[in-house]
Every structure is written in C-alpha cells, then in structure tokens.
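Chemist: What follows is the file entry_38.pdb, containing PDB, C-alpha atoms:
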```
ATOM      1  CA  MET A   1     -11.947 -16.182   1.332
ATOM      2  CA  SER A   2      -8.257 -15.410   1.695
ATOM      3  CA  ASP A   3      -6.346 -15.922   4.906
ATOM      4  CA  TRP A   4      -4.352 -13.319   6.786
ATOM      5  CA  MET A   5      -0.701 -13.370   5.775
ATOM      6  CA  ASN A   6       2.170 -12.427   8.104
ATOM      7  CA  VAL A   7       4.259  -9.780   6.360
ATOM      8  CA  VAL A   8       6.630  -8.035   8.774
ATOM      9  CA  LEU A   9       7.244  -7.483  12.454
ATOM     10  CA  GLU A  10       5.704  -4.204  13.559
ATOM     11  CA  SER A  11       9.080  -3.144  14.995
ATOM     12  CA  ASP A  12      10.876  -3.791  11.671
ATOM     13  CA  LEU A  13       8.814  -1.310   9.626
ATOM     14  CA  THR A  14       9.303   2.000  11.390
ATOM     15  CA  PRO A  15       7.161   5.122  10.806
ATOM     16  CA  GLY A  16       7.796   6.732   7.438
ATOM     17  CA  ASN A  17       9.026   3.513   5.841
ATOM     18  CA  HIS A  18       7.402   1.104   3.418
ATOM     19  CA  MET A  19       8.003  -2.249   1.732
ATOM     20  CA  VAL A  20       6.520  -4.349  -1.061
ATOM     21  CA  ILE A  21       5.255  -7.897  -0.586
ATOM     22  CA  ASP A  22       3.489 -10.466  -2.742
ATOM     23  CA  VAL A  23      -0.023 -11.224  -1.458
ATOM     24  CA  GLU A  24      -1.609 -14.001  -3.519
ATOM     25  CA  ASP A  25       0.057 -12.783  -6.748
ATOM     26  CA  ALA A  26      -0.666  -9.100  -6.095
ATOM     27  CA  MET A  27       2.262  -6.810  -5.332
ATOM     28  CA  VAL A  28       1.233  -4.846  -2.245
ATOM     29  CA  LEU A  29       2.853  -1.781  -0.728
ATOM     30  CA  ILE A  30       2.828  -1.818   3.093
ATOM     31  CA  VAL A  31       3.301   1.659   4.599
ATOM     32  CA  ASN A  32       3.805   2.752   8.196
ATOM     33  CA  LEU A  33       2.242   6.213   8.539
ATOM     34  CA  ASP A  34       2.877   7.565  12.020
ATOM     35  CA  GLY A  35       2.616   4.108  13.587
ATOM     36  CA  GLU A  36      -0.453   2.980  11.628
ATOM     37  CA  PHE A  37      -0.091   0.394   8.872
ATOM     38  CA  TYR A  38      -1.787   0.572   5.463
ATOM     39  CA  ALA A  39      -1.653  -1.600   2.357
ATOM     40  CA  ILE A  40      -2.307  -0.601  -1.256
ATOM     41  CA  GLU A  41      -1.599  -2.340  -4.520
ATOM     42  CA  ASP A  42       1.816  -1.415  -5.915
ATOM     43  CA  VAL A  43       0.508  -0.200  -9.262
ATOM     44  CA  CYS A  44      -0.274   3.212 -10.695
ATOM     45  CA  THR A  45      -3.712   3.149 -12.304
ATOM     46  CA  HIS A  46      -2.516   5.708 -14.856
ATOM     47  CA  ASP A  47       0.006   3.494 -16.646
ATOM     48  CA  GLY A  48       0.340   0.225 -14.703
ATOM     49  CA  SER A  49       3.842   0.905 -13.374
ATOM     50  CA  GLU A  50       4.928   0.356  -9.782
ATOM     51  CA  ILE A  51       4.559   3.206  -7.306
ATOM     52  CA  SER A  52       6.646   1.876  -4.426
ATOM     53  CA  SER A  53       9.740   3.824  -5.484
ATOM     54  CA  GLY A  54       7.766   7.070  -5.287
ATOM     55  CA  CYS A  55       7.890   9.604  -2.475
ATOM     56  CA  VAL A  56       5.487   9.485   0.461
ATOM     57  CA  VAL A  57       4.298  13.004   1.320
ATOM     58  CA  ASP A  58       1.396  14.044   3.573
ATOM     59  CA  GLY A  59      -0.186  10.589   3.583
ATOM     60  CA  CYS A  60       0.037  10.185  -0.198
ATOM     61  CA  ILE A  61       2.403   8.350  -2.501
ATOM     62  CA  GLU A  62       3.505   9.932  -5.743
ATOM     63  CA  CYS A  63       4.063   7.811  -8.843
ATOM     64  CA  PRO A  64       7.707   8.210  -9.880
ATOM     65  CA  ARG A  65       6.867   8.181 -13.604
ATOM     66  CA  HIS A  66       4.208  10.852 -14.138
ATOM     67  CA  GLY A  67       3.481  12.336 -10.707
ATOM     68  CA  ALA A  68       0.009  10.927 -10.035
ATOM     69  CA  ARG A  69      -0.689  10.866  -6.293
ATOM     70  CA  PHE A  70      -2.754   8.425  -4.261
ATOM     71  CA  ASP A  71      -4.020   8.570  -0.677
ATOM     72  CA  ILE A  72      -2.321   5.689   1.142
ATOM     73  CA  LYS A  73      -5.261   5.163   3.510
ATOM     74  CA  THR A  74      -8.001   5.013   0.874
ATOM     75  CA  GLY A  75      -6.278   4.472  -2.477
ATOM     76  CA  GLU A  76      -8.101   7.519  -3.868
ATOM     77  CA  VAL A  77      -6.435   9.718  -6.474
ATOM     78  CA  THR A  78      -5.310  13.075  -5.088
ATOM     79  CA  ALA A  79      -3.476  14.371  -8.205
ATOM     80  CA  PRO A  80      -3.662  13.520 -11.916
ATOM     81  CA  PRO A  81      -2.868  12.152 -14.439
ATOM     82  CA  ALA A  82      -4.455   9.074 -12.770
ATOM     83  CA  TYR A  83      -8.197   9.162 -12.238
ATOM     84  CA  GLU A  84      -8.951   5.651 -10.920
ATOM     85  CA  PRO A  85      -8.135   4.669  -7.316
ATOM     86  CA  ILE A  86      -5.679   1.954  -6.290
ATOM     87  CA  ASP A  87      -7.010  -1.140  -4.494
ATOM     88  CA  THR A  88      -6.444  -1.173  -0.744
ATOM     89  CA  PHE A  89      -6.084  -4.231   1.471
ATOM     90  CA  PRO A  90      -7.113  -4.910   5.085
ATOM     91  CA  VAL A  91      -4.264  -4.733   7.612
ATOM     92  CA  GLN A  92      -4.137  -5.879  11.209
ATOM     93  CA  VAL A  93      -1.409  -6.154  13.836
ATOM     94  CA  ILE A  94      -1.551  -9.244  16.036
ATOM     95  CA  GLY A  95       1.118  -9.884  18.658
ATOM     96  CA  GLY A  96       3.500  -7.449  16.997
ATOM     97  CA  MET A  97       3.099  -9.039  13.544
ATOM     98  CA  VAL A  98       1.651  -6.980  10.674
ATOM     99  CA  GLN A  99      -0.797  -9.057   8.647
ATOM    100  CA  VAL A 100      -2.499  -8.411   5.316
ATOM    101  CA  ARG A 101      -5.069 -10.258   3.252
ATOM    102  CA  ASP A 102      -6.498  -9.946  -0.244
ATOM    103  CA  HIS A 103     -10.222  -9.493   0.309
ATOM    104  CA  ARG A 104     -11.061  -8.806  -3.345
ATOM    105  CA  TRP A 105     -12.067 -12.397  -4.063
ATOM    106  CA  ASP A 106     -14.236 -12.952  -0.958
TER     107      ASP A 106
END
```
What's the structure tokens form of this structure?

Modeler:
Amino acid sequence: MSDWMNVVLESDLTPGNHMVIDVEDAMVLIVNLDGEFYAIEDVCTHDGSEISSGCVVDGCIECPRHGARFDIKTGEVTAPPAYEPIDTFPVQVIGGMVQVRDHRWD
C-alpha cells in the first residue's frame, strides 16, 4: 500500500491552475478546479504523450497533440481520438497540504 505524499500547499495551487509531480514513478497532473483538487496521470491514452500542457476547459483537459479530452474528476474520455480513460489518483487536503497517493498497487 502506498503512502500519502505531500505535493503542494493548498494556497500555492490556485483555482484554474495545475502542476505535474512524480508519484512513485508515475507523472501525475494535479488540478485545482474551483477550489477542489484532482489528480490524473499525465498521459494521453491515445498516443502516450503528456497532457499537462493542454487546455483545461469545463472540467476537462484537452491533449495538445490530437485533441482528445478527458474528464479531470473521473479520467473518462469526453472526446476522441482516445477511447480509454486516464488513471485517477486519490487526493486529500490535510492542514493546508495537498496530498496524493498511488492506489493502483494496493
């Protein structure tokens, strides 16, 4: 079971912004959507490229290469050419610190 990892102070990642961190060898995109924090793997399931440089619109992130869109909260595909979802990660905020863990190997 993986441990929770401190990633950023809640006050340092303001609404509408995002950042990429390494969580146990997985690149993870942390997004602040209207004050709520979400974490998804920073990889487009269409071609394996990063998605973190894409635009965040209406709760989705768009892959900068081919335009696939993914729901930030669930990882589900909302627009092709991707058809497989992106892995999501649990997020919690404790004492103003955003924490993430990789639960996939539990």

Chemist: Can you tell me, as a list of chain:residue names, what residues are no more than 9 Å from His66 in chain A when counting only C-alpha atoms, ignoring any on the same chain fewer than 6 positions away?

Modeler: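 Result of the neighbour search: A:His46, A:Asp47, A:Pro80, A:Pro81, A:Ala82.
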
Chemist: Rank nothing, just name the residue among A:Gly35, A:Pro64, A:Gly59, A:Pro85 nearest to Glu10 in chain A, using all atoms listed in the file.

Modeler: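 For Glu10 in chain A, the nearest of the given residues is A:Gly35.
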
Chemist: Using only C-alpha atoms, pick whichever of A:Cys60, A:Val98, A:Leu33, A:Ala68 has the shortest atom-to-atom distance to Leu9 in chain A.

Modeler: A:Val98

Chemist: Which is closest to Ile21 in chain A among A:Gln99, A:Gly48, A:Phe70, A:Thr78, if we use all atoms listed in the file?

Modeler: A:Gln99

Chemist: Fewer than 2 positions away in the same chain doesn't count, so skip those; otherwise give me all residues within 12 Å of range 13-15 of chain A, counting all atoms listed in the file, as a VMD selection string.

Modeler: chain A and resid 7 to 11 17 to 20 29 to 38 56 59 96 to 98

Chemist: Please evaluate the PyMOL selection byres ((chain A and resi 57) around 10) against the displayed coordinates and give the resulting residues as a list of chain:residue names.

Modeler: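 With the shown file as input, the PyMOL selection byres ((chain A and resi 57) around 10) matches A:Gly16, A:Gly54, A:Cys55, A:Val56, A:Asp58, A:Gly59, A:Cys60, A:Ile61, A:Glu62, A:Arg69, A:Asp71, A:Ile72.
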
Chemist: Pick the closest to Glu24 in chain A from A:Val43, A:Val91, A:Ala79, A:Met5: which is it, counting only C-alpha atoms?

Modeler: A:Met5

Chemist: Extract, using all atoms listed in the file, all DNA, RNA and protein residues at most 7 Å from range 100-102 of chain A, discarding same-chain residues fewer than 6 positions from it, and format them as an NGL selection string.

Modeler: :A and (2-7 or 23 or 89-92)

Chemist: Please compute the CA of Tyr83 in chain A-CA of His103 in chain A distance, one decimal, in Å.

Modeler: 22.6 Å

Chemist: Excluding same-chain residues fewer than 6 positions from Asp42 in chain A, what lies within 7 Å of it counting all atoms listed in the file, as a list in words?

Modeler: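 The filter keeps Met27, Val28, Leu29, Glu50, Ile51 and Ser52 of chain A.
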
Chemist: Quick one: distance from CA of Asp12 in chain A to CA of Ala39 in chain A in Å, one decimal?

Modeler: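 CA of Asp12 in chain A sits 15.8 Å away from CA of Ala39 in chain A.
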
Chemist: Just the number, please: distance in Å from CA of Arg65 in chain A to CA of Asp22 in chain A, one decimal.

Modeler: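 According to the coordinates, CA of Arg65 in chain A and CA of Asp22 in chain A are separated by 21.8 Å.
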
Chemist: Take the PyMOL selection byres ((chain A and resi 86) around 7), apply it to the structure above, and return the hits as a VMD selection string.

Modeler: chain A and resid 40 to 41 45 75 to 76 84 to 85 87 to 88
